[in-house]
Amino acid sequence: MTPLHTIVNFLDETLESAKFKDLSLNGLQVEGNPSIDTVCVAVDACLESAEKAANLGANLLVAHHGLFWGKPLALVGAHKRLIECLLDSKMSLYASHLPLDAHIEFGNNFSLARALELKDLRQCLEYEGQKIACRGSNELGRSIEEITTQLQELGPSFKPLAINFGPKVPNKILIATGSAADALYSANSLDFDTLVTGEAKQFAYHYAQENKLNVIFAGHYTTETYGVVELGKLLTKKFGLKNHFIDIPTSI
């Protein structure tokens, strides 16, 4: 068993959570059992995730999307049931949003870039003083169709939507997982011809067409599974914790 506060301090320091200005309350959101032997990781801190984690005997749930986003929520309805599930099972909840998107080793963006075998990875796309995305080079010379197919293979629960008005063989690719279609506006300043993100936005079609860019929407959920999975592995390696990834694809 490992003390909860030891794990929380380790995650806070590793992810450098204090550096980020974020709507998410990053860090420990719900305090449960003071000793941890089993952790579950999930993209979303939803009722289904909490119930599955409780059934697996977890004392800690680590999620990318936590419960608190800049304003208080009344403990009623489904939110009440979620909190009850956490408290009744004495399970802690730790959340990491932008820090987990941005981390060079364990984050969503860099992990997806490595899965796509991009080279010369660099931090970019500044938000509130921190760079949160990853730009890489397509040194293997894969076509946009090949990259789209690879994204489908990496996340079979979601069929990527590709808008291809840029080069057939991309040069520089920006990875900005989740809901980051607005990153297209930075194509010139960040020097990329292709964006890989999660959720599709209406404006992206015309902007990509008019500016000769590619954009692949590979699913908000699918593109953000990488960080929590890596954190689970890290906690197992560091503390010997049992860990389980709770996979709840949303098709979004």
# chains A, B, ... in the order shown; residues from 1 in each chain; ligands from 1
>>> residues_around(residues="Leu23 (chain A)", least_positions_apart="4", cutoff="9 Å", atoms="only C-alpha atoms", output="number ranges by chain")
A: 68-71, 97
>>> write_last_selection(atoms="N, CA and C atoms", output="CSV table (one decimal), in the first residue's frame")
chain,number,residue,atom,x,y,z
A,68,PHE,N,-14.7,19.2,-11.8
A,68,PHE,CA,-14.9,20.6,-11.4
A,68,PHE,C,-14.2,21.5,-12.5
A,69,TRP,N,-15.0,22.4,-13.1
A,69,TRP,CA,-14.6,23.2,-14.2
A,69,TRP,C,-14.9,24.7,-14.0
A,70,GLY,N,-14.4,25.3,-13.0
A,70,GLY,CA,-14.5,26.7,-12.8
A,70,GLY,C,-15.7,27.2,-12.1
A,71,LYS,N,-16.7,26.3,-11.8
A,71,LYS,CA,-17.8,26.8,-11.1
A,71,LYS,C,-18.4,25.6,-10.3
A,97,HIS,N,-6.0,17.8,-16.6
A,97,HIS,CA,-6.5,18.3,-17.9
A,97,HIS,C,-5.3,18.8,-18.8
>>> select_by_dssp(residues="region 11-172 of chain A", states="strand (DSSP E)", output="ChimeraX atom specification")
/A:27-30,35-36,38-44,60-65,92-95,119-127,130-137,161-164,172
>>> residues_around(residues="Thr236 (chain A)", least_positions_apart="4", cutoff="12 Å", atoms="only C-alpha atoms", output="ChimeraX atom specification")
/A:1-2,7,36-41,229-232,240-244
>>> residues_around(residues="Val196 (chain A)", least_positions_apart="6", cutoff="6 Å", atoms="only C-alpha atoms", output="NGL selection string")
:A and (175 or 215-216)
>>> select_by_dssp(residues="region 181-219 of chain A", states="alpha helix (DSSP H)", output="ChimeraX atom specification")
/A:187-190,203-210
>>> residues_around(residues="Lys19 (chain A)", least_positions_apart="4", cutoff="9 Å", atoms="only C-alpha atoms", output="PyMOL selection string")
chain A and resi 99+129-130
>>> write_last_selection(atoms="C-alpha atoms", output="short mmCIF file (atom, residue, chain, number, x, y, z; two decimals), in the first residue's frame")
data_model
loop_
_atom_site.label_atom_id
_atom_site.label_comp_id
_atom_site.auth_asym_id
_atom_site.auth_seq_id
_atom_site.Cartn_x
_atom_site.Cartn_y
_atom_site.Cartn_z
CA PRO A 99 -1.01 19.34 -17.70
CA GLY A 129 1.79 30.95 -20.85
CA GLN A 130 2.25 27.21 -21.40
#
>>> residues_around(residues="Ser96 (chain A)", least_positions_apart="5", cutoff="8 Å", atoms="only C-alpha atoms", output="ChimeraX atom specification")
/A:17,24-27,62-66
>>> write_last_selection(atoms="C-alpha atoms", output="short mmCIF file (atom, residue, chain, number, x, y, z; two decimals), in the first residue's frame")
data_model
loop_
_atom_site.label_atom_id
_atom_site.label_comp_id
_atom_site.auth_asym_id
_atom_site.auth_seq_id
_atom_site.Cartn_x
_atom_site.Cartn_y
_atom_site.Cartn_z
CA SER A 17 0.27 21.08 -12.47
CA SER A 24 -10.17 22.25 -14.66
CA LEU A 25 -9.38 21.85 -10.97
CA ASN A 26 -6.22 19.83 -11.55
CA GLY A 27 -5.07 17.55 -8.76
CA VAL A 62 -7.22 9.09 -12.28
CA ALA A 63 -9.11 10.93 -15.03
CA HIS A 64 -8.30 13.46 -17.74
CA HIS A 65 -11.72 15.12 -17.48
CA GLY A 66 -12.54 15.61 -13.81
#
>>> residues_around(residues="region 105-109 of chain A", least_positions_apart="4", cutoff="8 Å", atoms="only C-alpha atoms", output="compact mmCIF listing (two decimals) with N, CA and C atoms, in the first residue's frame")
# COMPACT_ATOMS: atom_id res chain seq x y z
N PRO A 99 -2.34 19.90 -17.99
CA PRO A 99 -1.01 19.34 -17.70
C PRO A 99 -0.79 17.99 -18.38
N LEU A 100 -1.86 17.19 -18.48
CA LEU A 100 -1.72 15.88 -19.11
C LEU A 100 -1.76 15.98 -20.63
N ASP A 101 -2.41 16.99 -21.17
CA ASP A 101 -2.31 17.22 -22.61
C ASP A 101 -0.88 17.55 -23.01
N ALA A 113 1.73 11.62 -30.99
CA ALA A 113 2.75 11.89 -32.01
C ALA A 113 3.73 10.73 -32.13
N ILE A 132 1.06 23.68 -25.10
CA ILE A 132 0.24 22.51 -24.77
C ILE A 132 0.14 21.49 -25.90
N ALA A 133 0.63 21.81 -27.10
CA ALA A 133 0.50 20.89 -28.23
C ALA A 133 1.87 20.40 -28.66
N CYS A 134 1.88 19.58 -29.70
CA CYS A 134 3.12 18.96 -30.18
C CYS A 134 3.16 19.04 -31.70
N ILE A 175 -0.19 18.07 -33.49
CA ILE A 175 -1.06 17.21 -32.71
C ILE A 175 -1.62 18.02 -31.56
N ALA A 176 -2.92 18.20 -31.54
CA ALA A 176 -3.60 18.93 -30.46
C ALA A 176 -4.89 18.19 -30.17
N THR A 177 -4.83 17.26 -29.23
CA THR A 177 -5.94 16.34 -28.98
C THR A 177 -7.16 17.05 -28.40
N THR A 223 -8.46 10.40 -29.03
CA THR A 223 -7.15 11.07 -28.99
C THR A 223 -6.69 11.36 -27.58
N GLU A 224 -7.58 11.22 -26.59
CA GLU A 224 -7.19 11.55 -25.22
C GLU A 224 -7.15 10.33 -24.30
N THR A 225 -7.04 9.16 -24.89
CA THR A 225 -6.85 7.96 -24.08
C THR A 225 -5.38 7.77 -23.70
N TYR A 226 -4.48 8.38 -24.46
CA TYR A 226 -3.06 8.08 -24.31
C TYR A 226 -2.50 8.49 -22.96
N GLY A 227 -2.82 9.69 -22.52
CA GLY A 227 -2.22 10.22 -21.30
C GLY A 227 -2.55 9.41 -20.06
N GLU A 230 -0.77 6.09 -19.99
CA GLU A 230 0.64 6.25 -19.62
C GLU A 230 0.79 6.52 -18.13
N LEU A 231 -0.12 7.29 -17.54
CA LEU A 231 -0.05 7.54 -16.10
C LEU A 231 -0.27 6.25 -15.31
>>> closest_atom_pairs(of="region 204-252 of chain A", to="region 189-194 of chain A", cutoff="12 Å", atoms="only C-alpha atoms", output="CSV")
residue,atom,partner,partner_atom,distance
A:Ala204,CA,A:Thr194,CA,11.9
A:Ala208,CA,A:Thr194,CA,9.2
A:Gln209,CA,A:Asp193,CA,11.7
A:Asn211,CA,A:Asp193,CA,9.2
A:Lys212,CA,A:Asp193,CA,7.7
A:Leu213,CA,A:Asp193,CA,5.2
A:Asn214,CA,A:Thr194,CA,4.5
A:Val215,CA,A:Thr194,CA,5.5
A:Ile216,CA,A:Thr194,CA,7.8
A:Phe217,CA,A:Thr194,CA,11.0
>>> write_last_selection(atoms="C-alpha atoms", output="PDB file, in the first residue's frame")
ATOM      1  CA  ALA A 204     -12.649  23.897 -40.307  1.00  0.00           C
ATOM      2  CA  ALA A 208      -8.677  24.315 -44.485  1.00  0.00           C
ATOM      3  CA  GLN A 209      -9.822  24.673 -48.098  1.00  0.00           C
ATOM      4  CA  ASN A 211      -5.576  27.938 -46.658  1.00  0.00           C
ATOM      5  CA  LYS A 212      -4.565  24.634 -48.305  1.00  0.00           C
ATOM      6  CA  LEU A 213      -4.387  22.657 -45.059  1.00  0.00           C
ATOM      7  CA  ASN A 214      -5.212  19.128 -43.982  1.00  0.00           C
ATOM      8  CA  VAL A 215      -7.103  18.398 -40.789  1.00  0.00           C
ATOM      9  CA  ILE A 216      -7.975  15.000 -39.368  1.00  0.00           C
ATOM     10  CA  PHE A 217     -10.617  14.732 -36.670  1.00  0.00           C
TER      11      PHE A 217
END
>>> atom_distance(atom1="CA of Glu199 (chain A)", atom2="CA of Ser179 (chain A)")
5.1 Å
>>> closest_residue(among="A:Ala115, A:Lys159, A:Pro170, A:Ala50", to="Glu84 (chain A)", atoms="only C-alpha atoms")
A:Ala50
